[in-house]
$ cat input09.cif   # mmCIF, C-alpha atoms
data_entry
#
loop_
_atom_site.label_atom_id
_atom_site.label_comp_id
_atom_site.auth_asym_id
_atom_site.auth_seq_id
_atom_site.Cartn_x
_atom_site.Cartn_y
_atom_site.Cartn_z
CA MET A 138 43.18 14.33 16.27
CA PRO A 139 40.48 13.41 13.75
CA HIS A 140 37.04 12.75 15.18
CA LEU A 141 35.27 9.52 14.25
CA ASP A 142 31.56 10.02 13.71
CA VAL A 143 30.08 6.66 14.62
CA THR A 144 26.65 7.75 13.35
CA ARG A 145 28.03 7.60 9.81
CA LEU A 146 29.17 4.01 10.16
CA ARG A 147 26.92 1.54 8.36
CA LEU A 148 27.14 -2.21 8.18
CA PRO A 149 27.36 -3.60 4.64
CA THR A 150 24.14 -4.84 3.11
CA GLY A 151 23.16 -6.93 0.10
CA PRO A 152 25.95 -8.59 -1.93
CA ARG A 153 28.59 -6.62 0.00
CA ALA A 154 27.38 -8.19 3.23
CA ASP A 155 27.73 -11.66 1.66
CA LEU A 156 31.28 -10.85 0.54
CA ALA A 157 32.20 -9.51 3.96
CA LEU A 158 30.77 -12.56 5.74
CA ALA A 159 32.47 -14.96 3.32
CA GLY A 160 35.81 -13.16 3.81
CA VAL A 161 35.61 -13.23 7.61
CA VAL A 162 34.62 -16.92 7.70
CA LEU A 163 37.40 -17.80 5.24
CA VAL A 164 40.02 -16.07 7.41
CA LEU A 165 38.74 -17.80 10.55
CA ALA A 166 38.70 -21.16 8.77
CA GLY A 167 42.30 -20.58 7.67
CA VAL A 168 43.34 -19.78 11.24
CA ALA A 169 41.57 -22.92 12.48
CA GLU A 170 43.24 -25.09 9.85
CA GLY A 171 46.58 -23.57 10.83
CA GLN A 172 46.36 -25.55 14.07
CA ARG A 173 46.71 -28.74 12.03
CA LEU A 174 50.07 -27.74 10.56
CA GLY A 175 53.11 -29.51 11.88
CA PRO A 176 56.03 -27.88 13.71
CA ASP A 177 57.74 -27.24 10.40
CA TRP A 178 54.54 -25.83 8.87
CA ASN A 179 54.19 -28.69 6.43
CA ALA A 180 50.59 -28.95 5.16
CA SER A 181 49.22 -32.42 4.70
CA THR A 182 46.93 -33.39 1.85
CA SER A 183 43.98 -33.31 4.27
CA VAL A 184 44.76 -29.73 5.34
CA VAL A 185 45.07 -28.55 1.74
CA ALA A 186 41.83 -30.28 0.76
CA SER A 187 39.99 -28.78 3.76
CA TRP A 188 41.26 -25.32 2.88
CA LEU A 189 40.17 -25.65 -0.75
CA VAL A 190 36.71 -26.86 0.28
CA ALA A 191 36.36 -23.92 2.68
CA LEU A 192 37.47 -21.51 -0.06
CA THR A 193 34.93 -22.97 -2.51
CA VAL A 194 32.05 -22.82 -0.03
CA CYS A 195 32.82 -19.20 0.94
CA THR A 196 33.12 -18.20 -2.72
CA ALA A 197 29.67 -19.60 -3.46
CA LEU A 198 27.86 -17.55 -0.80
CA PRO A 199 27.73 -14.25 -2.79
CA LEU A 200 25.88 -16.13 -5.57
CA ARG A 201 22.94 -17.04 -3.33
CA ARG A 202 20.84 -14.06 -4.44
CA ARG A 203 20.80 -15.34 -8.01
CA HIS A 204 20.59 -19.07 -7.27
CA PRO A 205 19.36 -19.38 -3.68
CA VAL A 206 18.39 -23.05 -3.65
CA ALA A 207 21.42 -24.28 -5.62
CA VAL A 208 23.84 -22.28 -3.49
CA GLY A 209 22.08 -23.47 -0.33
CA TRP A 210 22.52 -27.13 -1.21
CA PHE A 211 26.09 -26.53 -2.39
CA THR A 212 27.11 -24.86 0.88
CA VAL A 213 25.38 -27.54 2.98
CA LEU A 214 27.05 -30.42 1.14
CA GLY A 215 30.36 -28.57 0.95
CA THR A 216 30.36 -27.91 4.68
CA GLY A 217 29.58 -31.60 5.31
CA LEU A 218 32.56 -32.59 3.14
CA TYR A 219 34.73 -30.10 5.05
CA HIS A 220 33.86 -31.72 8.38
CA LEU A 221 34.69 -35.14 6.95
CA LEU A 222 38.14 -33.94 5.85
CA SER A 223 38.96 -31.80 8.86
CA THR A 224 39.30 -32.78 12.51
CA ILE A 225 38.43 -29.25 13.62
CA ASP A 226 34.89 -27.98 14.17
CA GLY A 227 35.63 -24.78 12.30
CA PRO A 228 33.44 -21.72 11.64
CA LEU A 229 32.52 -22.75 8.09
CA VAL A 230 29.06 -23.82 9.28
CA VAL A 231 28.16 -20.09 9.37
CA ILE A 232 27.99 -20.06 5.54
CA PRO A 233 25.17 -22.61 5.09
CA VAL A 234 23.37 -21.08 8.08
CA ALA A 235 23.38 -17.70 6.29
CA ALA A 236 22.15 -19.38 3.11
CA LEU A 237 19.32 -21.07 5.03
CA TYR A 238 18.24 -17.77 6.58
CA GLY A 239 18.11 -16.17 3.13
CA LEU A 240 15.94 -19.00 1.82
CA ALA A 241 13.51 -18.78 4.73
CA ALA A 242 13.38 -14.97 4.53
CA HIS A 243 12.29 -15.25 0.89
CA GLY A 244 9.54 -17.76 1.63
CA ARG A 245 11.37 -20.96 0.64
CA ILE A 246 10.66 -22.58 3.98
CA GLN A 247 10.45 -26.17 2.71
CA ALA A 248 13.88 -25.99 1.05
CA ALA A 249 15.39 -24.43 4.18
CA VAL A 250 13.90 -27.12 6.44
CA ALA A 251 15.14 -29.89 4.12
CA MET A 252 18.69 -28.48 4.14
CA ALA A 253 18.62 -28.05 7.92
CA ALA A 254 17.53 -31.68 8.32
CA VAL A 255 20.37 -32.85 6.07
CA MET A 256 22.88 -30.84 8.15
CA VAL A 257 21.65 -32.30 11.44
CA ILE A 258 21.58 -35.85 10.06
CA GLY A 259 25.06 -35.43 8.56
CA LEU A 260 26.47 -34.05 11.79
CA GLY A 261 24.85 -36.87 13.76
CA ALA A 262 26.45 -39.39 11.40
CA GLY A 263 29.79 -37.70 12.01
CA VAL A 264 29.34 -38.06 15.76
CA ALA A 265 28.55 -41.75 15.30
CA ALA A 266 31.72 -42.15 13.22
CA GLY A 267 33.78 -40.31 15.86
CA THR A 268 35.19 -37.46 13.74
CA GLY A 269 37.46 -35.16 15.77
CA ASP A 270 35.90 -32.36 17.84
CA VAL A 271 32.33 -33.05 16.76
CA ASN A 272 30.20 -34.57 19.54
CA GLY A 273 26.62 -34.86 20.73
CA THR A 274 26.69 -31.36 22.24
CA ALA A 275 27.60 -29.91 18.85
CA VAL A 276 24.66 -31.74 17.24
CA PHE A 277 22.28 -30.37 19.89
CA MET A 278 23.60 -26.81 19.54
CA LEU A 279 23.50 -26.93 15.75
CA THR A 280 19.91 -28.16 15.80
CA GLY A 281 18.86 -25.26 18.01
CA TRP A 282 20.68 -22.75 15.85
CA LEU A 283 19.12 -24.07 12.65
CA VAL A 284 15.61 -24.05 14.11
CA ALA A 285 16.10 -20.48 15.31
CA VAL A 286 17.55 -19.34 11.98
CA VAL A 287 14.73 -20.85 9.90
CA ALA A 288 12.13 -19.43 12.31
CA LEU A 289 13.67 -15.95 12.16
CA GLY A 290 13.81 -16.12 8.38
CA GLY A 291 10.15 -17.15 8.26
CA MET A 292 9.23 -14.24 10.55
CA ARG A 293 11.15 -11.87 8.31
CA HIS A 294 9.28 -13.18 5.27
CA GLY A 295 5.97 -12.74 7.08
CA ARG A 296 6.77 -9.14 8.03
CA VAL A 297 7.82 -8.26 4.50
CA ALA A 298 4.72 -9.89 3.02
CA HIS A 299 2.53 -8.02 5.52
CA ALA A 300 4.21 -4.71 4.69
CA GLU A 301 3.74 -5.33 0.96
CA GLU A 302 0.07 -6.17 1.48
CA GLU A 303 -0.40 -3.01 3.54
CA ALA A 304 1.23 -0.98 0.77
CA ARG A 305 -1.10 -2.53 -1.80
CA LEU A 306 -4.12 -1.77 0.37
CA ARG A 307 -2.99 1.83 0.85
CA ALA A 308 -2.51 2.20 -2.90
CA THR A 309 -5.96 0.72 -3.54
CA ARG A 310 -7.59 3.05 -1.02
CA GLU A 311 -5.82 6.02 -2.59
CA ARG A 312 -6.97 5.02 -6.08
CA LEU A 313 -10.54 4.72 -4.82
CA ARG A 314 -10.31 8.11 -3.12
CA ILE A 315 -9.03 9.76 -6.29
CA ALA A 316 -11.70 7.97 -8.34
CA ARG A 317 -14.40 9.33 -6.02
CA GLU A 318 -13.02 12.84 -6.27
CA LEU A 319 -12.84 12.71 -10.06
CA HIS A 320 -16.33 11.23 -10.28
CA ASP A 321 -17.81 13.92 -8.06
CA VAL A 322 -16.02 16.81 -9.76
CA ILE A 323 -16.44 15.71 -13.37
CA GLY A 324 -19.85 14.09 -12.91
CA HIS A 325 -21.44 17.15 -11.31
CA ASN A 326 -20.15 19.67 -13.79
CA MET A 327 -20.69 17.49 -16.85
CA SER A 328 -24.26 16.80 -15.75
CA MET A 329 -24.92 20.53 -15.44
CA ILE A 330 -23.32 21.19 -18.82
CA HIS A 331 -25.40 18.41 -20.40
CA VAL A 332 -28.65 19.88 -19.07
CA GLN A 333 -27.74 23.41 -20.16
CA ALA A 334 -26.60 22.23 -23.60
CA SER A 335 -29.89 20.39 -24.12
CA SER A 336 -31.75 23.50 -23.07
CA ALA A 337 -29.70 25.69 -25.43
CA LEU A 338 -30.35 23.39 -28.39
CA HIS A 339 -34.05 23.35 -27.63
CA ARG A 340 -34.36 27.12 -27.29
CA LEU A 341 -31.85 28.22 -29.92
CA GLN A 342 -34.49 28.89 -32.59
CA LYS A 343 -37.46 29.82 -30.39
CA ASP A 344 -35.78 31.94 -27.72
CA PRO A 345 -32.20 32.99 -28.55
CA ALA A 346 -31.97 35.05 -25.34
CA GLN A 347 -32.58 32.01 -23.13
CA ALA A 348 -30.25 29.94 -25.29
CA GLN A 349 -27.54 32.53 -24.75
CA GLU A 350 -28.20 32.36 -21.01
CA ALA A 351 -27.79 28.58 -21.11
CA LEU A 352 -24.54 28.87 -23.07
CA THR A 353 -23.26 31.36 -20.50
CA ALA A 354 -24.07 28.83 -17.77
CA ILE A 355 -22.17 26.18 -19.74
CA LYS A 356 -19.14 28.44 -19.94
CA GLN A 357 -19.25 29.13 -16.20
CA GLY A 358 -19.81 25.47 -15.34
CA SER A 359 -16.95 24.28 -17.54
CA LYS A 360 -14.64 26.87 -16.03
CA GLU A 361 -15.57 25.78 -12.51
CA GLY A 362 -15.17 22.13 -13.47
CA LEU A 363 -11.69 22.71 -14.86
CA ARG A 364 -10.67 24.54 -11.69
CA GLU A 365 -11.83 21.71 -9.45
CA LEU A 366 -10.32 19.11 -11.75
CA ARG A 367 -6.93 20.79 -11.58
CA ALA A 368 -7.15 20.93 -7.79
CA THR A 369 -8.06 17.23 -7.59
CA LEU A 370 -5.33 16.14 -10.00
CA GLY A 371 -2.84 18.06 -7.86
CA VAL A 372 -2.45 14.98 -5.66
CA LEU A 373 -0.95 13.16 -8.64
CA ARG A 374 1.70 15.77 -9.32
CA GLN A 375 5.39 15.09 -8.81
CA VAL A 376 7.09 16.47 -5.73
CA ASP A 377 9.08 19.03 -7.69
CA GLU A 378 6.00 20.44 -9.44
CA GLU A 379 4.03 23.33 -8.11
CA ALA A 380 0.99 22.09 -6.21
CA PRO A 381 -2.35 23.88 -6.43
CA THR A 382 -2.99 26.44 -3.72
CA ALA A 383 -6.79 26.52 -3.87
CA PRO A 384 -8.44 25.28 -0.66
CA SER A 385 -10.48 22.10 -0.64
CA PRO A 386 -14.20 22.68 -1.19
CA GLY A 387 -16.50 22.57 1.83
CA LEU A 388 -19.93 23.62 3.07
CA SER A 389 -18.77 27.23 3.14
CA THR A 390 -19.00 27.17 -0.67
CA ILE A 391 -22.28 25.28 -0.86
CA GLU A 392 -23.91 28.35 -2.43
CA ASP A 393 -21.88 27.64 -5.57
CA LEU A 394 -23.68 24.30 -5.83
CA VAL A 395 -27.02 26.03 -5.33
CA SER A 396 -26.23 28.51 -8.11
CA SER A 397 -25.08 25.73 -10.44
CA ALA A 398 -28.29 23.77 -9.85
CA ALA A 399 -30.35 26.92 -10.31
CA ARG A 400 -28.78 27.49 -13.73
CA ALA A 401 -29.93 23.96 -14.62
CA GLY A 402 -33.50 24.80 -13.62
CA VAL A 403 -33.57 23.24 -10.13
CA ALA A 404 -34.44 25.40 -7.13
CA VAL A 405 -32.43 24.47 -4.04
CA ARG A 406 -33.24 25.54 -0.50
CA ILE A 407 -30.75 25.20 2.36
CA GLU A 408 -32.08 24.64 5.89
CA ARG A 409 -29.66 24.69 8.81
CA SER A 410 -30.28 23.70 12.41
CA GLY A 411 -28.25 23.09 15.53
CA ALA A 412 -25.19 25.05 16.60
CA PRO A 413 -22.88 25.58 13.59
CA CYS A 414 -19.23 24.92 14.33
CA VAL A 415 -15.95 24.54 12.48
CA LEU A 416 -16.03 21.10 10.89
CA PRO A 417 -12.98 18.85 10.53
CA ALA A 418 -11.60 19.07 7.00
CA ALA A 419 -12.49 15.46 6.14
CA VAL A 420 -16.08 15.86 7.34
CA ASP A 421 -16.46 19.21 5.58
CA LEU A 422 -15.22 17.80 2.26
CA ALA A 423 -17.36 14.65 2.54
CA ALA A 424 -20.48 16.69 3.31
CA TYR A 425 -19.82 18.95 0.32
CA ARG A 426 -19.31 16.00 -2.03
CA ILE A 427 -22.44 14.24 -0.80
CA VAL A 428 -24.54 17.36 -1.38
CA GLN A 429 -22.87 17.83 -4.77
CA GLU A 430 -23.57 14.27 -5.89
CA SER A 431 -27.16 14.44 -4.61
CA LEU A 432 -27.80 17.60 -6.63
CA THR A 433 -26.15 16.02 -9.66
CA ASN A 434 -28.53 13.05 -9.42
CA ALA A 435 -31.50 15.38 -8.97
CA VAL A 436 -30.58 17.33 -12.09
CA SER A 437 -29.53 14.40 -14.30
CA HIS A 438 -31.77 11.51 -13.30
CA SER A 439 -34.60 12.54 -11.04
CA GLY A 440 -36.08 15.34 -13.12
CA ALA A 441 -36.68 17.31 -9.93
CA GLU A 442 -37.68 20.94 -9.81
CA HIS A 443 -37.13 21.56 -6.08
CA VAL A 444 -34.50 20.22 -3.69
CA VAL A 445 -34.25 20.78 0.05
CA VAL A 446 -30.88 20.37 1.75
CA ARG A 447 -31.11 20.08 5.54
CA LEU A 448 -27.92 20.39 7.63
CA HIS A 449 -28.09 19.64 11.34
CA HIS A 450 -25.05 20.29 13.53
CA SER A 451 -24.81 18.38 16.81
CA ASP A 452 -21.98 18.04 19.30
CA ARG A 453 -20.56 14.91 17.70
CA ALA A 454 -21.88 14.67 14.16
CA LEU A 455 -23.24 16.46 11.11
CA THR A 456 -26.52 15.10 9.76
CA LEU A 457 -27.39 15.63 6.08
CA ASN A 458 -30.76 15.23 4.41
CA VAL A 459 -31.12 15.99 0.69
CA GLN A 460 -34.63 15.51 -0.64
CA ASP A 461 -36.01 16.27 -4.10
CA ASP A 462 -39.47 16.10 -5.69
CA GLY A 463 -38.41 14.15 -8.74
CA LYS A 464 -39.26 10.67 -9.97
CA GLY A 465 -36.56 8.87 -7.99
CA ALA A 466 -33.44 6.94 -8.95
CA PRO A 467 -32.62 6.11 -12.59
CA PRO A 468 -33.60 2.65 -13.83
CA ALA A 469 -30.89 -0.01 -13.56
CA GLY A 470 -28.49 0.15 -16.48
CA HIS A 471 -29.88 3.54 -17.54
CA GLY A 472 -27.03 5.88 -16.73
CA ALA A 473 -26.80 4.66 -13.15
CA GLY A 474 -23.21 5.22 -12.11
CA SER A 475 -21.23 4.80 -8.91
CA GLY A 476 -22.37 8.04 -7.31
CA ILE A 477 -24.42 6.55 -4.47
CA ALA A 478 -21.74 3.94 -3.78
CA GLY A 479 -19.12 6.71 -3.67
CA MET A 480 -21.21 8.74 -1.23
CA ARG A 481 -21.66 5.71 0.99
CA GLU A 482 -17.91 5.01 0.92
CA ARG A 483 -17.21 8.59 2.01
CA ALA A 484 -19.57 8.26 4.97
CA LEU A 485 -18.22 4.85 5.98
CA ALA A 486 -14.63 6.12 5.81
CA LEU A 487 -15.54 8.61 8.56
CA GLY A 488 -17.37 6.01 10.63
CA GLY A 489 -20.75 7.34 9.55
CA THR A 490 -23.74 6.05 7.63
CA LEU A 491 -25.59 6.94 4.42
CA ASP A 492 -28.91 5.75 3.04
CA ALA A 493 -30.38 6.72 -0.31
CA GLY A 494 -33.64 5.75 -1.97
CA PRO A 495 -37.16 6.79 -2.92
CA ASP A 496 -39.03 8.72 -0.24
CA SER A 497 -42.45 7.62 0.96
CA ALA A 498 -43.79 11.10 0.23
CA GLY A 499 -42.37 11.02 -3.31
CA GLY A 500 -39.08 12.00 -4.82
CA PHE A 501 -35.65 10.80 -3.79
CA VAL A 502 -33.87 11.34 -0.48
CA VAL A 503 -30.28 10.96 0.72
CA ARG A 504 -29.68 10.75 4.46
CA ALA A 505 -26.16 10.78 5.92
CA ARG A 506 -24.62 11.05 9.35
CA LEU A 507 -20.97 12.11 9.51
CA PRO A 508 -19.44 11.90 12.99
CA PHE A 509 -16.60 14.22 13.95
#

$ encode --input "input09.cif" --output "structure tokens"
Amino acid sequence: MPHLDVTRLRLPTGPRADLALAGVVLVLAGVAEGQRLGPDWNASTSVVASWLVALTVCTALPLRRRHPVAVGWFTVLGTGLYHLLSTIDGPLVVIPVAALYGLAAHGRIQAAVAMAAVMVIGLGAGVAAGTGDVNGTAVFMLTGWLVAVVALGGMRHGRVAHAEEEARLRATRERLRIARELHDVIGHNMSMIHVQASSALHRLQKDPAQAQEALTAIKQGSKEGLRELRATLGVLRQVDEEAPTAPSPGLSTIEDLVSSAARAGVAVRIERSGAPCVLPAAVDLAAYRIVQESLTNAVSHSGAEHVVVRLHHSDRALTLNVQDDGKGAPPAGHGAGSGIAGMRERALALGGTLDAGPDSAGGFVVRARLPF
């Protein structure tokens, strides 16, 4: 005996769901109208007209996705005409109810409320005229159903709109994250290359040996920059492409930043305090990028010769202090980029803080606290 896997059964959705609903309602309406046939199964003009109206209304439902408002009004008015022709309170009212839900679910609340009001008023007029099975109880029940349907449709629209807004916010945050990564990677290496290239041009005629040393540093810096750029762009790769396998940078590779700054003529000293521990990946990456950007600013804008990087490990946070002996931040509009803003965003994303500005003792200082 074949086994029926109920987990594979799926209700129809989209246009197929509209067709299925229209077919079921049409069959039920035909059965209901069959009660009006005489003993010899002779159909009166009223029965034939009611059947044709029901057929037309059901046929219109699958078109509601293209013309929601027009189909909504057509089904409402058609169902009203059906109840005027027929003496049976048939199931055709399900069709305009489905159309109203679709309107409300797509944010057309005013149109749905207007159609619901017309249905209630029309049904109330039918009760006053004494048409068949329709009575005050039917009016009350229909009113409750319509209110519930419009409310559910409005809730559905609200949930969908909220989900779309969340998706947009996630996409925006991801773009900002990628922009920060690209800025830190490209900005640091390009700043080092710019300094070394200027040095090589200056010393090319006077001291070819030092110029060659600067060009060697440019080669090494560009190679390192390309490696980090490829790793950063890996997040944009397609699923079926091979992702980069290099680990994310962290404080364990901070000596590379020291060496890069040294090649640009800036002496960097690292001071550690507290009890070193294994940092969470997000904190480790943020700390590395903050130190990287601070050194980039010291090399490119501050004109510093010495930089001190202080790292303090506590039980709940990592405290960073990067201080140089340069002339401070670049003047506004003079090459000032988004580096400090990017560093502050990294700290805030972890629930931490970051302050940057001229130090009272001279130079420029960046202070950050990154909680675990």

$ atom_distance --input "input09.cif" --atom1 "atom CA of Val185 of chain A" --atom2 "atom CA of Ala166 of chain A"
12.0 Å

$ resolve_selection --input "input09.cif" --expression "the PyMOL selection byres ((chain A and resi 433-437) around 7)" --output "count of residues only"
12

$ atom_distance --input "input09.cif" --atom1 "atom CA of Glu408 of chain A" --atom2 "atom CA of Gly488 of chain A"
24.2 Å

$ resolve_selection --input "input09.cif" --expression "the PyMOL selection byres ((chain A and resi 419) around 12)" --output "list in words"
Ser385, Pro386, Gly387, Leu388, Val415, Leu416, Pro417, Ala418, Val420, Asp421, Leu422, Ala423, Ala424, Tyr425, Arg426, Leu455, Arg483, Ala484, Ala486, Leu487, Gly488, Leu507, Pro508 and Phe509 of chain A

$ residues_around --input "input09.cif" --residues "segment 189-197 of chain A" --least-positions-apart "2" --cutoff "9 Å" --atoms "only C-alpha atoms" --output "MDAnalysis selection string"
chainID A and resid 156 158:160 162:163 166:167 184:187 199:201 208 211:213 215:216 218:219 229 232:233

$ atom_distance --input "input09.cif" --atom1 "atom CA of Gly261 of chain A" --atom2 "atom CA of Val276 of chain A"
6.2 Å

$ residues_around --input "input09.cif" --residues "Gly244 of chain A" --least-positions-apart "4" --cutoff "12 Å" --atoms "all atoms listed in the file" --output "ChimeraX atom specification"
/A:205-206,237-240,248-250,287-298

$ resolve_selection --input "input09.cif" --expression "the PyMOL selection byres ((chain A and resi 446) around 9)" --output "list in words"
Val405, Arg406, Ile407, Glu408, Arg409, Val428, Val444, Val445, Arg447, Leu448, Leu457, Asn458, Val459, Gln460 and Asp461 of chain A
